[in-house]
>>> print(open('work.cif').read())   # mmCIF, C-alpha atoms; chains and numbers go by the auth columns
data_upload
loop_
_atom_site.group_PDB
_atom_site.id
_atom_site.type_symbol
_atom_site.label_atom_id
_atom_site.label_comp_id
_atom_site.label_asym_id
_atom_site.label_seq_id
_atom_site.Cartn_x
_atom_site.Cartn_y
_atom_site.Cartn_z
_atom_site.B_iso_or_equiv
_atom_site.auth_seq_id
_atom_site.auth_asym_id
ATOM 1 C CA MET A 1 156.717 162.776 84.141 0.00 1 A
ATOM 2 C CA ILE A 2 154.019 162.216 81.474 0.00 2 A
ATOM 3 C CA LYS A 3 156.543 160.437 79.191 0.00 3 A
ATOM 4 C CA LYS A 4 157.516 158.160 82.095 0.00 4 A
ATOM 5 C CA SER A 5 153.837 157.302 82.789 0.00 5 A
ATOM 6 C CA ILE A 6 153.139 156.559 79.140 0.00 6 A
ATOM 7 C CA PHE A 7 156.247 154.349 78.958 0.00 7 A
ATOM 8 C CA LEU A 8 155.223 152.395 82.098 0.00 8 A
ATOM 9 C CA LEU A 9 151.640 152.046 80.868 0.00 9 A
ATOM 10 C CA GLY A 10 152.827 150.771 77.480 0.00 10 A
ATOM 11 C CA THR A 11 155.178 148.280 79.142 0.00 11 A
ATOM 12 C CA ALA A 12 152.350 147.029 81.379 0.00 12 A
ATOM 13 C CA PHE A 13 150.082 146.462 78.343 0.00 13 A
ATOM 14 C CA LEU A 14 152.866 144.577 76.620 0.00 14 A
ATOM 15 C CA PHE A 15 153.231 142.164 79.573 0.00 15 A
ATOM 16 C CA VAL A 16 149.455 141.674 79.894 0.00 16 A
ATOM 17 C CA ALA A 17 149.135 141.001 76.183 0.00 17 A
ATOM 18 C CA CYS A 18 151.960 138.444 76.323 0.00 18 A
ATOM 19 C CA VAL A 19 150.432 136.655 79.262 0.00 19 A
ATOM 20 C CA ASP A 20 147.002 136.518 77.607 0.00 20 A
ATOM 21 C CA ASN A 21 148.550 135.361 74.357 0.00 21 A
ATOM 22 C CA ASN A 22 150.392 132.514 76.071 0.00 22 A
ATOM 23 C CA THR A 23 147.238 131.501 77.883 0.00 23 A
ATOM 24 C CA TYR A 24 145.363 131.238 74.593 0.00 24 A
ATOM 25 C CA VAL A 25 148.195 129.294 72.999 0.00 25 A
ATOM 26 C CA ASN A 26 148.177 126.844 75.924 0.00 26 A
ATOM 27 C CA SER A 27 144.371 126.517 75.775 0.00 27 A
ATOM 28 C CA ASP A 28 144.528 125.933 72.019 0.00 28 A
ATOM 29 C CA GLN A 29 147.187 123.297 72.547 0.00 29 A
ATOM 30 C CA VAL A 30 145.038 121.461 75.110 0.00 30 A
ATOM 31 C CA ILE A 31 141.997 121.582 72.806 0.00 31 A
ATOM 32 C CA TYR A 32 144.087 120.336 69.882 0.00 32 A
ATOM 33 C CA GLU A 33 145.627 117.469 71.922 0.00 33 A
ATOM 34 C CA ASN A 34 142.235 116.377 73.281 0.00 34 A
ATOM 35 C CA ALA A 35 140.715 116.439 69.814 0.00 35 A
ATOM 36 C CA GLN A 36 143.549 114.274 68.461 0.00 36 A
ATOM 37 C CA LYS A 37 143.227 111.847 71.372 0.00 37 A
ATOM 38 C CA HIS A 38 139.509 111.333 70.672 0.00 38 A
ATOM 39 C CA ASN A 39 139.746 111.504 66.848 0.00 39 A
ATOM 40 C CA ILE A 40 137.641 114.662 66.688 0.00 40 A
ATOM 41 C CA LYS A 41 138.194 117.027 63.783 0.00 41 A
ATOM 42 C CA ILE A 42 138.627 120.703 64.605 0.00 42 A
ATOM 43 C CA ASP A 43 138.188 123.763 62.438 0.00 43 A
ATOM 44 C CA ALA A 44 140.431 126.825 62.175 0.00 44 A
ATOM 45 C CA LYS A 45 138.858 128.307 65.314 0.00 45 A
ATOM 46 C CA ASN A 46 139.701 125.131 67.257 0.00 46 A
ATOM 47 C CA GLU A 47 136.045 124.171 67.560 0.00 47 A
ATOM 48 C CA PRO A 48 135.128 120.500 67.203 0.00 48 A
ATOM 49 C CA ILE A 49 133.482 119.400 63.979 0.00 49 A
ATOM 50 C CA ILE A 50 131.072 116.506 64.342 0.00 50 A
ATOM 51 C CA THR A 51 129.592 114.986 61.243 0.00 51 A
ATOM 52 C CA PRO A 52 125.879 114.077 61.171 0.00 52 A
ATOM 53 C CA GLU A 53 126.858 110.383 61.200 0.00 53 A
ATOM 54 C CA GLU A 54 129.053 110.868 64.278 0.00 54 A
ATOM 55 C CA TYR A 55 126.241 112.778 65.988 0.00 55 A
ATOM 56 C CA LYS A 56 123.717 110.006 65.229 0.00 56 A
ATOM 57 C CA LYS A 57 126.191 107.400 66.529 0.00 57 A
ATOM 58 C CA MET A 58 126.726 109.420 69.697 0.00 58 A
ATOM 59 C CA LEU A 59 122.944 109.694 70.267 0.00 59 A
ATOM 60 C CA LYS A 60 122.465 105.961 69.644 0.00 60 A
ATOM 61 C CA GLU A 61 125.201 105.058 72.163 0.00 61 A
ATOM 62 C CA GLN A 62 123.562 107.325 74.743 0.00 62 A
ATOM 63 C CA THR A 63 120.103 105.850 74.062 0.00 63 A
ATOM 64 C CA ASP A 64 121.468 102.280 74.215 0.00 64 A
ATOM 65 C CA ALA A 65 123.119 102.998 77.575 0.00 65 A
ATOM 66 C CA GLN A 66 119.869 104.440 78.968 0.00 66 A
ATOM 67 C CA GLU A 67 117.844 101.464 77.704 0.00 67 A
ATOM 68 C CA GLU A 68 120.334 99.020 79.245 0.00 68 A
ATOM 69 C CA GLU A 69 120.143 100.838 82.584 0.00 69 A
ATOM 70 C CA SER A 70 116.344 100.773 82.439 0.00 70 A
ATOM 71 C CA SER A 71 116.356 97.066 81.544 0.00 71 A
ATOM 72 C CA ILE A 72 118.622 96.280 84.506 0.00 72 A
ATOM 73 C CA ALA A 73 116.243 98.140 86.858 0.00 73 A
ATOM 74 C CA ILE A 74 113.248 96.233 85.451 0.00 74 A
ATOM 75 C CA ASP A 75 115.093 92.908 85.808 0.00 75 A
ATOM 76 C CA MET A 76 116.066 93.727 89.403 0.00 76 A
ATOM 77 C CA ASN A 77 112.533 94.775 90.277 0.00 77 A
ATOM 78 C CA GLN A 78 111.187 91.546 88.765 0.00 78 A
ATOM 79 C CA ALA A 79 113.721 89.433 90.692 0.00 79 A
ATOM 80 C CA LEU A 80 112.854 91.161 93.978 0.00 80 A
ATOM 81 C CA MET A 81 109.114 90.837 93.384 0.00 81 A
ATOM 82 C CA ASP A 82 109.514 87.143 92.488 0.00 82 A
ATOM 83 C CA PHE A 83 111.354 86.629 95.767 0.00 83 A
ATOM 84 C CA TYR A 84 108.654 88.481 97.670 0.00 84 A
ATOM 85 C CA ASN A 85 105.933 86.311 96.094 0.00 85 A
ATOM 86 C CA GLU A 86 107.833 83.152 97.088 0.00 86 A
ATOM 87 C CA TRP A 87 108.300 84.300 100.696 0.00 87 A
ATOM 88 C CA LYS A 88 105.358 86.628 101.490 0.00 88 A
ATOM 89 C CA SER A 89 103.516 84.128 103.680 0.00 89 A
ATOM 90 C CA VAL A 90 106.574 83.131 105.768 0.00 90 A
ATOM 91 C CA ARG A 91 106.433 84.244 109.385 0.00 91 A
ATOM 92 C CA TYR A 92 109.237 85.977 111.260 0.00 92 A
ATOM 93 C CA LYS A 93 111.454 83.816 113.433 0.00 93 A
ATOM 94 C CA TYR A 94 114.583 85.130 115.152 0.00 94 A
ATOM 95 C CA GLY A 95 117.511 83.020 113.928 0.00 95 A
ATOM 96 C CA GLY A 96 115.291 81.392 111.280 0.00 96 A
ATOM 97 C CA ASN A 97 116.535 80.742 107.781 0.00 97 A
ATOM 98 C CA SER A 98 113.794 78.742 106.054 0.00 98 A
ATOM 99 C CA LYS A 99 110.160 78.925 105.009 0.00 99 A
ATOM 100 C CA LYS A 100 109.229 77.736 108.513 0.00 100 A
ATOM 101 C CA GLY A 101 110.451 81.118 109.751 0.00 101 A
ATOM 102 C CA ILE A 102 113.100 83.678 108.794 0.00 102 A
ATOM 103 C CA ASP A 103 114.710 86.738 110.325 0.00 103 A
ATOM 104 C CA CYS A 104 115.696 89.985 108.601 0.00 104 A
ATOM 105 C CA SER A 105 119.368 89.256 107.862 0.00 105 A
ATOM 106 C CA ALA A 106 118.670 85.714 106.621 0.00 106 A
ATOM 107 C CA PHE A 107 116.019 87.239 104.353 0.00 107 A
ATOM 108 C CA THR A 108 118.437 89.736 102.762 0.00 108 A
ATOM 109 C CA GLN A 109 121.153 87.066 102.564 0.00 109 A
ATOM 110 C CA ARG A 110 118.802 84.740 100.669 0.00 110 A
ATOM 111 C CA ILE A 111 117.679 87.466 98.265 0.00 111 A
ATOM 112 C CA TYR A 112 121.258 88.263 97.295 0.00 112 A
ATOM 113 C CA LYS A 113 122.243 84.609 96.920 0.00 113 A
ATOM 114 C CA GLU A 114 119.151 83.293 95.130 0.00 114 A
ATOM 115 C CA LYS A 115 118.386 86.265 92.872 0.00 115 A
ATOM 116 C CA PHE A 116 121.795 87.846 92.226 0.00 116 A
ATOM 117 C CA ASP A 117 124.237 85.010 93.045 0.00 117 A
ATOM 118 C CA VAL A 118 126.029 87.252 95.563 0.00 118 A
ATOM 119 C CA LYS A 119 127.134 85.852 98.922 0.00 119 A
ATOM 120 C CA ILE A 120 126.755 88.206 101.868 0.00 120 A
ATOM 121 C CA PRO A 121 127.301 87.483 105.579 0.00 121 A
ATOM 122 C CA ARG A 122 124.524 86.072 107.765 0.00 122 A
ATOM 123 C CA SER A 123 124.123 88.692 110.501 0.00 123 A
ATOM 124 C CA THR A 124 123.043 92.325 110.355 0.00 124 A
ATOM 125 C CA ARG A 125 126.189 93.362 112.201 0.00 125 A
ATOM 126 C CA THR A 126 128.394 91.797 109.500 0.00 126 A
ATOM 127 C CA GLN A 127 126.195 92.836 106.546 0.00 127 A
ATOM 128 C CA VAL A 128 126.576 96.492 107.546 0.00 128 A
ATOM 129 C CA LYS A 129 130.338 96.200 106.914 0.00 129 A
ATOM 130 C CA ILE A 130 130.132 95.064 103.273 0.00 130 A
ATOM 131 C CA GLY A 131 129.723 97.045 100.055 0.00 131 A
ATOM 132 C CA LYS A 132 129.896 100.814 99.856 0.00 132 A
ATOM 133 C CA LYS A 133 128.359 103.177 102.385 0.00 133 A
ATOM 134 C CA ILE A 134 125.847 105.512 100.730 0.00 134 A
ATOM 135 C CA LYS A 135 123.670 108.401 101.828 0.00 135 A
ATOM 136 C CA LYS A 136 119.960 107.879 102.324 0.00 136 A
ATOM 137 C CA SER A 137 119.364 110.366 99.494 0.00 137 A
ATOM 138 C CA GLU A 138 121.437 108.168 97.120 0.00 138 A
ATOM 139 C CA LEU A 139 119.474 104.943 97.647 0.00 139 A
ATOM 140 C CA GLU A 140 118.836 102.748 94.619 0.00 140 A
ATOM 141 C CA MET A 141 116.822 99.573 94.251 0.00 141 A
ATOM 142 C CA GLY A 142 118.690 96.636 95.779 0.00 142 A
ATOM 143 C CA ASP A 143 120.633 98.638 98.399 0.00 143 A
ATOM 144 C CA LEU A 144 120.607 97.440 101.989 0.00 144 A
ATOM 145 C CA VAL A 145 119.052 99.737 104.606 0.00 145 A
ATOM 146 C CA PHE A 146 119.898 99.354 108.293 0.00 146 A
ATOM 147 C CA PHE A 147 118.154 100.425 111.476 0.00 147 A
ATOM 148 C CA LYS A 148 119.145 100.580 115.151 0.00 148 A
ATOM 149 C CA THR A 149 115.998 99.193 116.737 0.00 149 A
ATOM 150 C CA GLY A 150 117.345 98.831 120.267 0.00 150 A
ATOM 151 C CA VAL A 151 120.457 99.200 122.392 0.00 151 A
ATOM 152 C CA ARG A 152 121.968 96.133 120.725 0.00 152 A
ATOM 153 C CA ASP A 153 119.305 95.167 118.201 0.00 153 A
ATOM 154 C CA ARG A 154 119.756 95.918 114.515 0.00 154 A
ATOM 155 C CA HIS A 155 117.419 95.448 111.567 0.00 155 A
ATOM 156 C CA VAL A 156 118.029 95.236 107.795 0.00 156 A
ATOM 157 C CA GLY A 157 115.897 95.415 104.674 0.00 157 A
ATOM 158 C CA ILE A 158 116.378 95.862 100.949 0.00 158 A
ATOM 159 C CA TYR A 159 115.477 99.140 99.264 0.00 159 A
ATOM 160 C CA MET A 160 112.759 98.796 96.620 0.00 160 A
ATOM 161 C CA GLY A 161 112.666 102.349 95.268 0.00 161 A
ATOM 162 C CA ASP A 162 110.049 105.045 95.748 0.00 162 A
ATOM 163 C CA GLY A 163 110.962 105.415 99.430 0.00 163 A
ATOM 164 C CA SER A 164 110.073 101.857 100.466 0.00 164 A
ATOM 165 C CA PHE A 165 112.000 98.780 101.546 0.00 165 A
ATOM 166 C CA MET A 166 111.191 95.070 101.805 0.00 166 A
ATOM 167 C CA HIS A 167 112.082 93.185 104.965 0.00 167 A
ATOM 168 C CA ALA A 168 111.273 90.329 107.279 0.00 168 A
ATOM 169 C CA SER A 169 109.555 92.165 110.113 0.00 169 A
ATOM 170 C CA ILE A 170 107.949 90.809 113.250 0.00 170 A
ATOM 171 C CA LYS A 171 104.659 90.906 111.298 0.00 171 A
ATOM 172 C CA GLY A 172 106.178 88.857 108.441 0.00 172 A
ATOM 173 C CA ILE A 173 107.511 89.795 105.019 0.00 173 A
ATOM 174 C CA ARG A 174 106.508 93.408 104.394 0.00 174 A
ATOM 175 C CA PHE A 175 107.004 96.531 102.314 0.00 175 A
ATOM 176 C CA THR A 176 107.459 99.580 104.526 0.00 176 A
ATOM 177 C CA LYS A 177 108.071 103.253 103.806 0.00 177 A
ATOM 178 C CA LEU A 178 111.372 104.657 105.079 0.00 178 A
ATOM 179 C CA ASP A 179 109.566 107.780 106.255 0.00 179 A
ATOM 180 C CA LYS A 180 107.205 105.797 108.511 0.00 180 A
ATOM 181 C CA PRO A 181 107.862 107.488 111.881 0.00 181 A
ATOM 182 C CA TYR A 182 109.315 104.413 113.608 0.00 182 A
ATOM 183 C CA TYR A 183 111.770 103.570 110.798 0.00 183 A
ATOM 184 C CA LYS A 184 112.581 107.217 110.112 0.00 184 A
ATOM 185 C CA ARG A 185 113.617 107.578 113.754 0.00 185 A
ATOM 186 C CA LYS A 186 115.555 104.282 113.822 0.00 186 A
ATOM 187 C CA TYR A 187 117.330 104.673 110.451 0.00 187 A
ATOM 188 C CA TRP A 188 121.069 103.976 110.798 0.00 188 A
ATOM 189 C CA THR A 189 122.870 103.631 107.447 0.00 189 A
ATOM 190 C CA SER A 190 122.729 102.168 103.930 0.00 190 A
ATOM 191 C CA ARG A 191 125.112 100.013 101.902 0.00 191 A
ATOM 192 C CA ARG A 192 125.390 99.315 98.181 0.00 192 A
ATOM 193 C CA VAL A 193 126.476 95.751 97.475 0.00 193 A
ATOM 194 C CA LEU A 194 125.360 95.406 93.851 0.00 194 A
ATOM 195 C CA ASN A 195 127.050 97.576 91.206 0.00 195 A
#
>>> encode(input="work.cif", output="structure tokens")
Amino acid sequence: MIKKSIFLLGTAFLFVACVDNNTYVNSDQVIYENAQKHNIKIDAKNEPIITPEEYKKMLKEQTDAQEEESSIAIDMNQALMDFYNEWKSVRYKYGGNSKKGIDCSAFTQRIYKEKFDVKIPRSTRTQVKIGKKIKKSELEMGDLVFFKTGVRDRHVGIYMGDGSFMHASIKGIRFTKLDKPYYKRKYWTSRRVLN
């Protein structure tokens, strides 16, 4: 009985060892193939070797990408603020599309066309169907924010960052916080049109 148990236990260890061995061989193979694909040297333990020059290059690429992203945000902010300064004294007019009076969807349409050379539809109901739907928590500068302000009425503005949006409201061209009780209650959805 004891001999039988020892034999079964030994056989079980043999199978476990083989399985683990194969797993390591497969993992090593994947590491080796990935390293070859990306021209990364590996040492005897299959760990990547990065030279100081490669490391500096990698850091520079990362820094350059971050600076470019920051520059794009600054450029967008400047474009939006320039538009605001051009239009801040224009009054609200339902159906309006000029400096004699403008409504919310004409305002966002003009921003996209004049500052980013992007054509979007004229009405709020058609603007809400373009771009990519995003969560409120994912908002970035330049995204469109939509509100259900009545049974059939809709409103749109452009997100400016820091929890605020710019829009043509009944009181004129304004910056408003999304968490202002009225807009927090009426918030509907957001869309990303610019990439």
>>> closest_residue(input="work.cif", among="A:Lys115, A:Asn77, A:Asn97, A:Tyr182", to="Gly150 (chain A)", atoms="only C-alpha atoms")
A:Tyr182
>>> closest_residue(input="work.cif", among="A:Asp103, A:Glu138, A:Glu86, A:Asp143", to="His155 (chain A)", atoms="only C-alpha atoms")
A:Asp103
>>> resolve_selection(input="work.cif", expression="the PyMOL selection byres ((chain A and resi 121) around 9)", output="mmCIF file with C-alpha atoms, in the frame of the given file")
data_model
loop_
_atom_site.group_PDB
_atom_site.id
_atom_site.type_symbol
_atom_site.label_atom_id
_atom_site.label_comp_id
_atom_site.auth_asym_id
_atom_site.auth_seq_id
_atom_site.Cartn_x
_atom_site.Cartn_y
_atom_site.Cartn_z
ATOM 1 C CA SER A 105 119.368 89.256 107.862
ATOM 2 C CA ALA A 106 118.670 85.714 106.621
ATOM 3 C CA GLN A 109 121.153 87.066 102.564
ATOM 4 C CA LYS A 119 127.134 85.852 98.922
ATOM 5 C CA ILE A 120 126.755 88.206 101.868
ATOM 6 C CA ARG A 122 124.524 86.072 107.765
ATOM 7 C CA SER A 123 124.123 88.692 110.501
ATOM 8 C CA THR A 124 123.043 92.325 110.355
ATOM 9 C CA ARG A 125 126.189 93.362 112.201
ATOM 10 C CA THR A 126 128.394 91.797 109.500
ATOM 11 C CA GLN A 127 126.195 92.836 106.546
ATOM 12 C CA ILE A 130 130.132 95.064 103.273
#
>>> atom_distance(input="work.cif", atom1="CA of Val118 (chain A)", atom2="CA of Ser137 (chain A)")
24.4 Å
>>> closest_residue(input="work.cif", among="A:Ala168, A:Met76, A:Val145, A:Met58", to="Gly101 (chain A)", atoms="only C-alpha atoms")
A:Ala168
>>> closest_residue(input="work.cif", among="A:Gln78, A:Thr108, A:Ser190, A:Asn195", to="His167 (chain A)", atoms="all atoms listed in the file")
A:Thr108
>>> closest_residue(input="work.cif", among="A:Ile74, A:Asn85, A:Gly161, A:Arg192", to="Lys133 (chain A)", atoms="only C-alpha atoms")
A:Arg192
>>> axis_aligned_box(input="work.cif", around="region 126-144 of chain A", padding_each_side="5 Å", output="JSON")
{"center_x": 123.6, "center_y": 101.1, "center_z": 101.9, "size_x": 23.5, "size_y": 28.6, "size_z": 25.2}
>>> atom_distance(input="work.cif", atom1="CA of Gly95 (chain A)", atom2="CA of Lys132 (chain A)")
25.8 Å
>>> closest_residue(input="work.cif", among="A:Met141, A:Ser89, A:Lys136, A:Leu194", to="Leu178 (chain A)", atoms="only C-alpha atoms")
A:Lys136
>>> atom_distance(input="work.cif", atom1="CA of Gly163 (chain A)", atom2="CA of Tyr183 (chain A)")
11.5 Å
>>> resolve_selection(input="work.cif", expression="the PyMOL selection byres ((chain A and resi 90) around 12)", output="NGL selection string")
:A and (83-89 or 91-93 or 96-104 or 107 or 167-174)
>>> build_atoms(input="work.cif", residues="region 162-180 of chain A", atoms="N, CA and C atoms", output="PDB file, in the frame of the given file")
ATOM      1  N   ASP A 162     111.222 104.261  95.372  1.00  0.00           N
ATOM      2  CA  ASP A 162     110.049 105.045  95.748  1.00  0.00           C
ATOM      3  C   ASP A 162     109.884 105.165  97.266  1.00  0.00           C
ATOM      4  N   GLY A 163     111.004 105.203  97.984  1.00  0.00           N
ATOM      5  CA  GLY A 163     110.962 105.415  99.430  1.00  0.00           C
ATOM      6  C   GLY A 163     110.550 104.229 100.267  1.00  0.00           C
ATOM      7  N   SER A 164     110.488 103.022  99.676  1.00  0.00           N
ATOM      8  CA  SER A 164     110.073 101.857 100.466  1.00  0.00           C
ATOM      9  C   SER A 164     111.146 100.771 100.469  1.00  0.00           C
ATOM     10  N   PHE A 165     111.075  99.911 101.458  1.00  0.00           N
ATOM     11  CA  PHE A 165     112.000  98.780 101.546  1.00  0.00           C
ATOM     12  C   PHE A 165     111.216  97.519 101.888  1.00  0.00           C
ATOM     13  N   MET A 166     111.797  96.371 101.528  1.00  0.00           N
ATOM     14  CA  MET A 166     111.191  95.070 101.805  1.00  0.00           C
ATOM     15  C   MET A 166     112.032  94.422 102.908  1.00  0.00           C
ATOM     16  N   HIS A 167     111.349  93.787 103.844  1.00  0.00           N
ATOM     17  CA  HIS A 167     112.082  93.185 104.965  1.00  0.00           C
ATOM     18  C   HIS A 167     111.240  92.123 105.642  1.00  0.00           C
ATOM     19  N   ALA A 168     111.943  91.313 106.424  1.00  0.00           N
ATOM     20  CA  ALA A 168     111.273  90.329 107.279  1.00  0.00           C
ATOM     21  C   ALA A 168     111.073  91.022 108.625  1.00  0.00           C
ATOM     22  N   SER A 169     109.855  91.470 108.860  1.00  0.00           N
ATOM     23  CA  SER A 169     109.555  92.165 110.113  1.00  0.00           C
ATOM     24  C   SER A 169     108.876  91.195 111.072  1.00  0.00           C
ATOM     25  N   ILE A 170     108.630  91.640 112.256  1.00  0.00           N
ATOM     26  CA  ILE A 170     107.949  90.809 113.250  1.00  0.00           C
ATOM     27  C   ILE A 170     106.564  90.404 112.732  1.00  0.00           C
ATOM     28  N   LYS A 171     105.973  91.208 111.874  1.00  0.00           N
ATOM     29  CA  LYS A 171     104.659  90.906 111.298  1.00  0.00           C
ATOM     30  C   LYS A 171     104.765  90.067 110.022  1.00  0.00           C
ATOM     31  N   GLY A 172     105.970  89.658 109.650  1.00  0.00           N
ATOM     32  CA  GLY A 172     106.178  88.857 108.441  1.00  0.00           C
ATOM     33  C   GLY A 172     106.873  89.659 107.353  1.00  0.00           C
ATOM     34  N   ILE A 173     106.846  89.137 106.142  1.00  0.00           N
ATOM     35  CA  ILE A 173     107.511  89.795 105.019  1.00  0.00           C
ATOM     36  C   ILE A 173     106.653  90.988 104.596  1.00  0.00           C
ATOM     37  N   ARG A 174     107.258  92.180 104.616  1.00  0.00           N
ATOM     38  CA  ARG A 174     106.508  93.408 104.394  1.00  0.00           C
ATOM     39  C   ARG A 174     107.263  94.401 103.515  1.00  0.00           C
ATOM     40  N   PHE A 175     106.485  95.317 102.925  1.00  0.00           N
ATOM     41  CA  PHE A 175     107.004  96.531 102.314  1.00  0.00           C
ATOM     42  C   PHE A 175     106.681  97.653 103.279  1.00  0.00           C
ATOM     43  N   THR A 176     107.665  98.489 103.576  1.00  0.00           N
ATOM     44  CA  THR A 176     107.459  99.580 104.526  1.00  0.00           C
ATOM     45  C   THR A 176     108.118 100.835 103.971  1.00  0.00           C
ATOM     46  N   LYS A 177     107.505 101.971 104.228  1.00  0.00           N
ATOM     47  CA  LYS A 177     108.071 103.253 103.806  1.00  0.00           C
ATOM     48  C   LYS A 177     109.174 103.668 104.783  1.00  0.00           C
ATOM     49  N   LEU A 178     110.268 104.179 104.234  1.00  0.00           N
ATOM     50  CA  LEU A 178     111.372 104.657 105.079  1.00  0.00           C
ATOM     51  C   LEU A 178     110.954 105.847 105.939  1.00  0.00           C
ATOM     52  N   ASP A 179     109.972 106.617 105.477  1.00  0.00           N
ATOM     53  CA  ASP A 179     109.566 107.780 106.255  1.00  0.00           C
ATOM     54  C   ASP A 179     108.466 107.474 107.274  1.00  0.00           C
ATOM     55  N   LYS A 180     108.121 106.183 107.426  1.00  0.00           N
ATOM     56  CA  LYS A 180     107.205 105.797 108.511  1.00  0.00           C
ATOM     57  C   LYS A 180     107.896 106.218 109.815  1.00  0.00           C
TER      58      LYS A 180
END
